[in-house]
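The structure under discussion appears below in the form of structure tokens.
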Amino acid sequence: MPEVIRVKSQGRQLLKDPFLNKGTAFTAEERRAFGIEGRLPPRIETLEEQIVRMYEQYSACKTNLEKYVFLREVQDYNRIQYYALVKRYLEEMLPIVYTPTVGEAIQEFSHIYREPRGLVVTESNYRDLDTILSSYAGTTKLAVVTDAEGILGIGDQGFGGIAICMGKLTLYSLAAGIRPIETLPVLLDFGTNNKKLLEDPFYLGVRQPRTRGAKYFEMIDAFVSAFKKRFPEAMLQWEDFSKSTAFDVLARYRDSIPSFNDDIQGTGAMALGGLMAATEQGKTLTEQVFLVSGAGAGGIGVASQIMYGLMHLGLTQEQAKERIYVLDSRGLILSDREGLEPYKMIFAHDREKLVGWSYASENPNMMDVVRNAKVTALMGLSGQGGSFNQRIIEAVMENTPRPIIFALSNPTDLTEILPKDAICWSDARAIIATGSPFDAVEWKGKTHHIGQGNNTFVFPGIGWGVIAAGASSINQEMMTAAAIALSTQVTPARLEQGAVFPPISDLEKVTDVVARAVAEAAFSSGVATHTREVMDAQLAKRNWEPVYPIFVPETDE
């Protein structure tokens, strides 16, 4: 039975509200009751009929960017129709509303801009946020927040970065059932150092170099304080900060408000989940030697979660770190490097422990590490397309008959290795995953499906679990629980096909399992504020599905 809600809006005001608008699906009774008779086509459609019509229009779009713009226009007109359409065609449309197409949309955002969305915090308004947030309708349960300096593999994108928050929140609503009106995309627009944007006459963001230092944190402090005051039970997801600030922002606020960084912790949980599935639910995980290529937020996040995964399986922290080698643009991270960034220190190896290694340059390069450390698992988060070349793959093959190769960089052209090359060069013995979606590969008469290592498999479940448990903070136990839960959703049949992640079509089921695991970890680790009864009730079903409610007029009685 559809939900019945009381609505005060009338006439054109109702039709202009995307959270309430049903378009051609308003019934005859609703059209008369709300003064919209004659404002709509005479035919009354069902939501199903609207989806069919919208999909025909979507299919007529010639490019992925045109499809992105079309879906955003549907979302700005009618939220339920948008979510119902994307849910119906999730596997097809996820690469449009999320990676990789969202990267192009972000770059072109000022040129394709249509309607205002979310909250934009600037140097001119950050002192007024308490007043500004008071005007936002509804109760916000979660916000995705970015300063847009580290967007995907394309860096500083200024005002356009709000599109990544919009894309993430689409997945929260579809996968976890968080009502769209209870979500908030937030852009911290403190300027941009992107010369192309600053010179673009259409650029809509703050047209000045980025604010740094104490002023930067003063403005974020003001946002967090105002947000927490207005929405005391809400959760924050930090998204696409640069590596120079992501770790500081996470550390500064993780204990004062329930929050996590998706690039660091979400990517790490996703990658560990895939590794657990690739190693028989972790049975051989402690036998692997890992090379993490890329030492930004994603790379350090993956290395950290691998470390915690190994510790969960019984290794000490030192034993775990000895099996993890992290490389940046200067080669293997070593502890004697001058000016080494603090967030890289935990994975820095001591040079004196490389006794017996053979390497020609000051720091061992990728090939040096593969050969000397006997690497068995390659984790790509460098954004360097093609960096896992044939020589590297063949060198890893000398160390193990079943190399693990995760090329997780986005968008597609930045992936470290194409799946067809990984399969060819390893004679189909490699266990492969990619960050972007790729078609299956035919090799010697067998079809190999490529699992997509997508954070979508974890972050909606993390958010739902946190909200259900009323978690006061988000700890490491919850992230490890999310990773393990994800790994359990990779079926034997899926593994036989070659994929170590579930299909996107299983997203709702995976989110259910991840949310339960995260909430249970919050409860067992002492950070849950809800009772078990409340937690169980909130996990029992999604709060929202994209279906039209029945409207009745709100009276003054």
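The chains in the structure tokens are called A, B, ... from first to last as shown; in each chain the residues are counted from 1, and the ligands are counted from 1 in the order shown.
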Please build the interface table for stretch 57-109 of chain A against stretch 192-202 of chain A with a cut-off of 10 Å, listing for each qualifying residue the nearest atom pair and the distance in Å to one decimal; count only C-alpha atoms, order rows by chain and increasing number, and write it as a Markdown table.
```
| residue | atom | partner | partner_atom | distance |
| --- | --- | --- | --- | --- |
| A:Gln107 | CA | A:Leu197 | CA | 8.9 |
| A:Glu108 | CA | A:Leu197 | CA | 9.8 |
| A:Phe109 | CA | A:Phe202 | CA | 9.6 |
```
Those same residues - N, CA, C and O atoms - I'd like them written as a short mmCIF file (atom, residue, chain, number, x, y, z; two decimals), in the first residue's frame.
```
data_model
loop_
_atom_site.label_atom_id
_atom_site.label_comp_id
_atom_site.auth_asym_id
_atom_site.auth_seq_id
_atom_site.Cartn_x
_atom_site.Cartn_y
_atom_site.Cartn_z
N GLN A 107 34.13 18.08 -15.03
CA GLN A 107 34.99 18.99 -15.79
C GLN A 107 34.18 20.02 -16.57
O GLN A 107 34.62 21.14 -16.79
N GLU A 108 32.99 19.63 -17.01
CA GLU A 108 32.14 20.50 -17.82
C GLU A 108 31.01 21.12 -17.00
O GLU A 108 30.09 21.70 -17.59
N PHE A 109 31.07 21.04 -15.69
CA PHE A 109 29.90 21.32 -14.86
C PHE A 109 29.37 22.74 -15.05
O PHE A 109 28.15 22.94 -15.12
#
```
Return as a VMD selection string the full set of residues in stretch 347-504 of chain A whose backbone-based DSSP assignment is alpha helix (DSSP H). chain A and resid 366 to 373 390 to 397 419 to 425 459 to 469 476 to 487 492 to 496
Each residue of stretch 413-507 of chain A with at least one atom at most 12 Å from stretch 97-105 of chain A should appear once, together with its nearest atom pair and the corresponding distance in Å (one decimal); atoms considered: only C-alpha atoms; ordering: chain, then increasing residue number; output as a tab-separated table.
```
residue	atom	partner	partner_atom	distance
A:Asp413	CA	A:Pro100	CA	9.5
A:Leu414	CA	A:Pro100	CA	10.5
A:Thr415	CA	A:Pro100	CA	11.3
A:Gly435	CA	A:Thr99	CA	8.8
A:Ser436	CA	A:Pro100	CA	6.7
A:Pro437	CA	A:Pro100	CA	8.4
A:Phe438	CA	A:Pro100	CA	11.1
A:Gln452	CA	A:Thr99	CA	11.1
A:Gly453	CA	A:Thr99	CA	11.4
A:Asn454	CA	A:Thr99	CA	8.9
A:Asn455	CA	A:Thr99	CA	10.3
A:Thr456	CA	A:Tyr98	CA	9.3
```
Keeping N, CA, C and O atoms, export the residues of the selection given above as a PDB file, in the first residue's frame.
```pdb
ATOM      1  N   ASP A 413      40.598   5.583 -18.710  1.00  0.00           N
ATOM      2  CA  ASP A 413      41.882   5.752 -19.401  1.00  0.00           C
ATOM      3  C   ASP A 413      43.068   5.819 -18.444  1.00  0.00           C
ATOM      4  O   ASP A 413      44.225   5.816 -18.887  1.00  0.00           O
ATOM      5  N   LEU A 414      42.800   5.846 -17.137  1.00  0.00           N
ATOM      6  CA  LEU A 414      43.892   5.880 -16.161  1.00  0.00           C
ATOM      7  C   LEU A 414      44.143   4.522 -15.515  1.00  0.00           C
ATOM      8  O   LEU A 414      45.015   4.406 -14.651  1.00  0.00           O
ATOM      9  N   THR A 415      43.397   3.505 -15.932  1.00  0.00           N
ATOM     10  CA  THR A 415      43.587   2.185 -15.334  1.00  0.00           C
ATOM     11  C   THR A 415      44.996   1.662 -15.613  1.00  0.00           C
ATOM     12  O   THR A 415      45.548   1.854 -16.695  1.00  0.00           O
ATOM     13  N   GLY A 435      38.860  -0.681 -11.329  1.00  0.00           N
ATOM     14  CA  GLY A 435      38.025   0.342 -10.721  1.00  0.00           C
ATOM     15  C   GLY A 435      36.891   0.784 -11.628  1.00  0.00           C
ATOM     16  O   GLY A 435      35.807   1.125 -11.167  1.00  0.00           O
ATOM     17  N   SER A 436      37.128   0.779 -12.924  1.00  0.00           N
ATOM     18  CA  SER A 436      36.106   1.136 -13.903  1.00  0.00           C
ATOM     19  C   SER A 436      35.477  -0.130 -14.471  1.00  0.00           C
ATOM     20  O   SER A 436      36.088  -1.204 -14.425  1.00  0.00           O
ATOM     21  N   PRO A 437      34.273  -0.023 -15.023  1.00  0.00           N
ATOM     22  CA  PRO A 437      33.642  -1.209 -15.614  1.00  0.00           C
ATOM     23  C   PRO A 437      34.294  -1.595 -16.938  1.00  0.00           C
ATOM     24  O   PRO A 437      34.616  -0.731 -17.752  1.00  0.00           O
ATOM     25  N   PHE A 438      34.509  -2.891 -17.135  1.00  0.00           N
ATOM     26  CA  PHE A 438      35.048  -3.414 -18.387  1.00  0.00           C
ATOM     27  C   PHE A 438      34.214  -4.610 -18.826  1.00  0.00           C
ATOM     28  O   PHE A 438      33.702  -5.363 -17.995  1.00  0.00           O
ATOM     29  N   GLN A 452      34.211  -5.332 -10.893  1.00  0.00           N
ATOM     30  CA  GLN A 452      34.506  -3.914 -10.716  1.00  0.00           C
ATOM     31  C   GLN A 452      34.668  -3.601  -9.234  1.00  0.00           C
ATOM     32  O   GLN A 452      33.736  -3.753  -8.448  1.00  0.00           O
ATOM     33  N   GLY A 453      35.874  -3.173  -8.862  1.00  0.00           N
ATOM     34  CA  GLY A 453      36.141  -2.759  -7.496  1.00  0.00           C
ATOM     35  C   GLY A 453      35.583  -1.370  -7.272  1.00  0.00           C
ATOM     36  O   GLY A 453      36.291  -0.370  -7.382  1.00  0.00           O
ATOM     37  N   ASN A 454      34.298  -1.307  -6.951  1.00  0.00           N
ATOM     38  CA  ASN A 454      33.569  -0.046  -6.864  1.00  0.00           C
ATOM     39  C   ASN A 454      33.212   0.230  -5.410  1.00  0.00           C
ATOM     40  O   ASN A 454      32.638  -0.622  -4.730  1.00  0.00           O
ATOM     41  N   ASN A 455      33.549   1.428  -4.932  1.00  0.00           N
ATOM     42  CA  ASN A 455      33.215   1.795  -3.551  1.00  0.00           C
ATOM     43  C   ASN A 455      31.718   1.735  -3.271  1.00  0.00           C
ATOM     44  O   ASN A 455      31.296   1.679  -2.106  1.00  0.00           O
ATOM     45  N   THR A 456      30.928   1.721  -4.330  1.00  0.00           N
ATOM     46  CA  THR A 456      29.478   1.612  -4.173  1.00  0.00           C
ATOM     47  C   THR A 456      29.088   0.366  -3.393  1.00  0.00           C
ATOM     48  O   THR A 456      28.025   0.321  -2.766  1.00  0.00           O
TER      49      THR A 456
END
```
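Between atom CA of A:Pro232 and atom CA of A:Ile257 lies a distance of 8.5 Å.
Within 9 Å of A:Ile181, once only C-alpha atoms are used and residues closer than 5 positions along the same chain are dropped, the contacting residues are Phe19, Ala137, Gly138, Thr139 and Thr140 of chain A.
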Please, could you write that set of residues out with all heavy atoms as an mmCIF file, in the first residue's frame?
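Output file out-v6.cif is given in full below:
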```
data_model
loop_
_atom_site.group_PDB
_atom_site.id
_atom_site.type_symbol
_atom_site.label_atom_id
_atom_site.label_comp_id
_atom_site.auth_asym_id
_atom_site.auth_seq_id
_atom_site.Cartn_x
_atom_site.Cartn_y
_atom_site.Cartn_z
ATOM 1 N N PHE A 19 10.714 17.119 -5.094
ATOM 2 C CA PHE A 19 10.481 16.091 -4.078
ATOM 3 C C PHE A 19 9.015 15.666 -4.040
ATOM 4 O O PHE A 19 8.689 14.589 -3.541
ATOM 5 C CB PHE A 19 10.908 16.586 -2.697
ATOM 6 C CG PHE A 19 12.388 16.756 -2.548
ATOM 7 C CD1 PHE A 19 12.968 18.011 -2.604
ATOM 8 C CD2 PHE A 19 13.216 15.659 -2.367
ATOM 9 C CE1 PHE A 19 14.334 18.174 -2.476
ATOM 10 C CE2 PHE A 19 14.585 15.815 -2.233
ATOM 11 C CZ PHE A 19 15.150 17.076 -2.297
ATOM 12 N N ALA A 137 14.995 22.366 4.163
ATOM 13 C CA ALA A 137 13.810 21.594 4.559
ATOM 14 C C ALA A 137 14.194 20.196 5.007
ATOM 15 O O ALA A 137 15.180 19.622 4.549
ATOM 16 C CB ALA A 137 12.831 21.521 3.384
ATOM 17 N N GLY A 138 13.381 19.628 5.886
ATOM 18 C CA GLY A 138 13.592 18.243 6.289
ATOM 19 C C GLY A 138 14.708 18.076 7.290
ATOM 20 O O GLY A 138 15.363 19.029 7.707
ATOM 21 N N THR A 139 14.931 16.834 7.656
ATOM 22 C CA THR A 139 15.996 16.481 8.590
ATOM 23 C C THR A 139 17.082 15.749 7.820
ATOM 24 O O THR A 139 16.841 14.677 7.273
ATOM 25 C CB THR A 139 15.456 15.591 9.718
ATOM 26 O OG1 THR A 139 14.459 16.308 10.439
ATOM 27 C CG2 THR A 139 16.573 15.196 10.671
ATOM 28 N N THR A 140 18.256 16.322 7.769
ATOM 29 C CA THR A 140 19.368 15.693 7.055
ATOM 30 C C THR A 140 19.966 14.580 7.904
ATOM 31 O O THR A 140 20.340 14.795 9.053
ATOM 32 C CB THR A 140 20.444 16.737 6.705
ATOM 33 O OG1 THR A 140 19.891 17.687 5.799
ATOM 34 C CG2 THR A 140 21.647 16.075 6.056
#
```
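Counting only C-alpha atoms and comparing A:Glu545, A:Glu554, A:Asp427, A:Asp439, the residue that lies closest to A:Glu394 is A:Asp427.
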For A:Ile300, list every protein, DNA or RNA residue within 10 Å, evaluated using only C-alpha atoms, and leave out those in the same chain fewer than 6 positions away; present the list as a list of chain:residue names.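 In the requested format, the answer is A:Lys243, A:Phe247, A:Asp263, A:Ile264, A:Gln265, A:Thr267, A:Gly268, A:Val292, A:Ser293, A:Gly294, A:Ile306, A:Val326, A:Leu327, A:Tyr343, A:Lys344, A:Ile346, A:Phe347, A:Leu381.
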Enumerate the residues of stretch 69-265 of chain A with a DSSP assignment of strand (DSSP E or B), computed from the backbone, and present them as a VMD selection string. chain A and resid 119 to 121 142 to 146 151 155 183 to 188 235 to 238 259 to 261
Would you kindly return, as a ChimeraX atom specification, each protein, DNA or RNA residue with an atom no farther than 12 Å from any atom of A:Gly356, considering only C-alpha atoms and excluding same-chain residues fewer than 4 positions away? /A:351-352,368,371-373
Determine, counting only C-alpha atoms, which protein, DNA and RNA residues have an atom within 12 Å of an atom of A:Asp248; residues of the same chain fewer than 6 positions away are not included. Present the result as a PyMOL selection string. chain A and resi 213+216-217+220+238+241-242+254+260-261+264+297+341-343
File dump, residues just selected, N, CA, C and O atoms, as an mmCIF file, in the first residue's frame:
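For reference, result-v1.cif as written:
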```
data_model
loop_
_atom_site.group_PDB
_atom_site.id
_atom_site.type_symbol
_atom_site.label_atom_id
_atom_site.label_comp_id
_atom_site.auth_asym_id
_atom_site.auth_seq_id
_atom_site.Cartn_x
_atom_site.Cartn_y
_atom_site.Cartn_z
ATOM 1 N N GLY A 213 45.937 26.602 4.863
ATOM 2 C CA GLY A 213 46.380 26.860 6.229
ATOM 3 C C GLY A 213 45.258 27.026 7.232
ATOM 4 O O GLY A 213 44.198 26.411 7.148
ATOM 5 N N TYR A 216 41.689 27.848 6.094
ATOM 6 C CA TYR A 216 41.013 26.685 5.516
ATOM 7 C C TYR A 216 40.296 25.894 6.602
ATOM 8 O O TYR A 216 39.101 25.588 6.498
ATOM 9 N N PHE A 217 40.996 25.589 7.670
ATOM 10 C CA PHE A 217 40.392 24.802 8.741
ATOM 11 C C PHE A 217 39.402 25.617 9.569
ATOM 12 O O PHE A 217 38.451 25.067 10.117
ATOM 13 N N ILE A 220 36.198 25.094 7.630
ATOM 14 C CA ILE A 220 35.631 23.758 7.791
ATOM 15 C C ILE A 220 35.118 23.579 9.219
ATOM 16 O O ILE A 220 34.059 22.964 9.440
ATOM 17 N N TRP A 238 33.406 12.378 3.912
ATOM 18 C CA TRP A 238 34.375 13.249 3.251
ATOM 19 C C TRP A 238 34.759 12.627 1.910
ATOM 20 O O TRP A 238 35.022 11.432 1.834
ATOM 21 N N PHE A 241 39.049 14.919 -1.232
ATOM 22 C CA PHE A 241 40.006 15.922 -0.788
ATOM 23 C C PHE A 241 41.374 15.535 -1.353
ATOM 24 O O PHE A 241 41.621 14.366 -1.669
ATOM 25 N N SER A 242 42.259 16.485 -1.460
ATOM 26 C CA SER A 242 43.599 16.154 -1.934
ATOM 27 C C SER A 242 44.327 15.356 -0.866
ATOM 28 O O SER A 242 43.977 15.411 0.323
ATOM 29 N N ARG A 254 36.962 13.075 13.038
ATOM 30 C CA ARG A 254 36.397 11.732 13.131
ATOM 31 C C ARG A 254 35.828 11.417 14.504
ATOM 32 O O ARG A 254 34.924 10.571 14.624
ATOM 33 N N PHE A 260 33.605 9.586 7.898
ATOM 34 C CA PHE A 260 34.680 8.787 7.321
ATOM 35 C C PHE A 260 35.042 9.356 5.962
ATOM 36 O O PHE A 260 34.274 10.126 5.369
ATOM 37 N N ASN A 261 36.222 9.009 5.503
ATOM 38 C CA ASN A 261 36.686 9.456 4.193
ATOM 39 C C ASN A 261 36.564 8.289 3.225
ATOM 40 O O ASN A 261 37.213 7.259 3.398
ATOM 41 N N ILE A 264 39.839 7.164 1.390
ATOM 42 C CA ILE A 264 40.793 6.456 2.238
ATOM 43 C C ILE A 264 40.181 5.157 2.744
ATOM 44 O O ILE A 264 40.673 4.060 2.474
ATOM 45 N N ALA A 297 45.462 9.363 -1.176
ATOM 46 C CA ALA A 297 44.458 8.938 -0.205
ATOM 47 C C ALA A 297 44.032 7.500 -0.454
ATOM 48 O O ALA A 297 43.933 6.696 0.479
ATOM 49 N N GLU A 341 56.183 12.789 3.694
ATOM 50 C CA GLU A 341 54.910 13.237 4.237
ATOM 51 C C GLU A 341 54.491 12.341 5.410
ATOM 52 O O GLU A 341 54.660 11.132 5.355
ATOM 53 N N PRO A 342 53.929 12.926 6.475
ATOM 54 C CA PRO A 342 53.579 12.145 7.668
ATOM 55 C C PRO A 342 52.648 10.974 7.383
ATOM 56 O O PRO A 342 52.800 9.902 7.989
ATOM 57 N N TYR A 343 51.677 11.143 6.464
ATOM 58 C CA TYR A 343 50.714 10.072 6.242
ATOM 59 C C TYR A 343 51.328 8.866 5.532
ATOM 60 O O TYR A 343 50.737 7.785 5.520
#
```
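For A:Arg88, the set of protein, DNA and RNA residues having any atom at most 10 Å away, when counting only C-alpha atoms and skipping those fewer than 3 positions along the same chain, is Glu48, Ile51, Tyr55, Tyr83, Ala84, Leu85, Glu91, Glu92, Met93 and Ser505 of chain A.
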Let's have the selection written as a PDB file, in the first residue's frame, with C-alpha atoms.
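Wrote part.pdb, looks like this:
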```pdb
ATOM      1  CA  GLU A  48       5.982   2.325 -14.883  1.00  0.00           C
ATOM      2  CA  ILE A  51       9.916   5.008 -16.838  1.00  0.00           C
ATOM      3  CA  TYR A  55      14.130   5.437 -21.035  1.00  0.00           C
ATOM      4  CA  TYR A  83      15.413   7.194  -8.840  1.00  0.00           C
ATOM      5  CA  ALA A  84      12.917   4.696 -10.240  1.00  0.00           C
ATOM      6  CA  LEU A  85      14.480   5.024 -13.701  1.00  0.00           C
ATOM      7  CA  GLU A  91      23.931  -1.549 -14.360  1.00  0.00           C
ATOM      8  CA  GLU A  92      23.540   0.577 -17.478  1.00  0.00           C
ATOM      9  CA  MET A  93      23.199   3.936 -15.747  1.00  0.00           C
ATOM     10  CA  SER A 505      22.769  -6.011  -9.982  1.00  0.00           C
TER      11      SER A 505
END
```
Could you tell me how far atom CA of A:Ala277 lies from atom CA of A:Thr488, in Å and to one decimal?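 Those two atoms sit 7.2 Å apart.
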For A:Glu496, the nearest of the candidates A:Leu187, A:Leu47, A:His448, A:Asn410, counting only C-alpha atoms: A:His448
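Between atom CA of A:Arg330 and atom CA of A:Asn365 lies a distance of 7.9 Å.
Shortest atom-to-atom contact with A:Tyr126 among A:Ser225, A:Gln489, A:Thr555, A:Asn543: A:Ser225, counting only C-alpha atoms.
Checking A:Lys321, A:Arg114, A:Lys22, A:Arg31 one by one against A:Asn78, counting only C-alpha atoms, you find the shortest gap at A:Lys22.
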Between A:Met379, A:Val249, A:Ala360, A:Gln281, which residue has the minimum interatomic distance to A:Gly299, considering only C-alpha atoms?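 That would be A:Met379, the residue with the smallest distance to A:Gly299.
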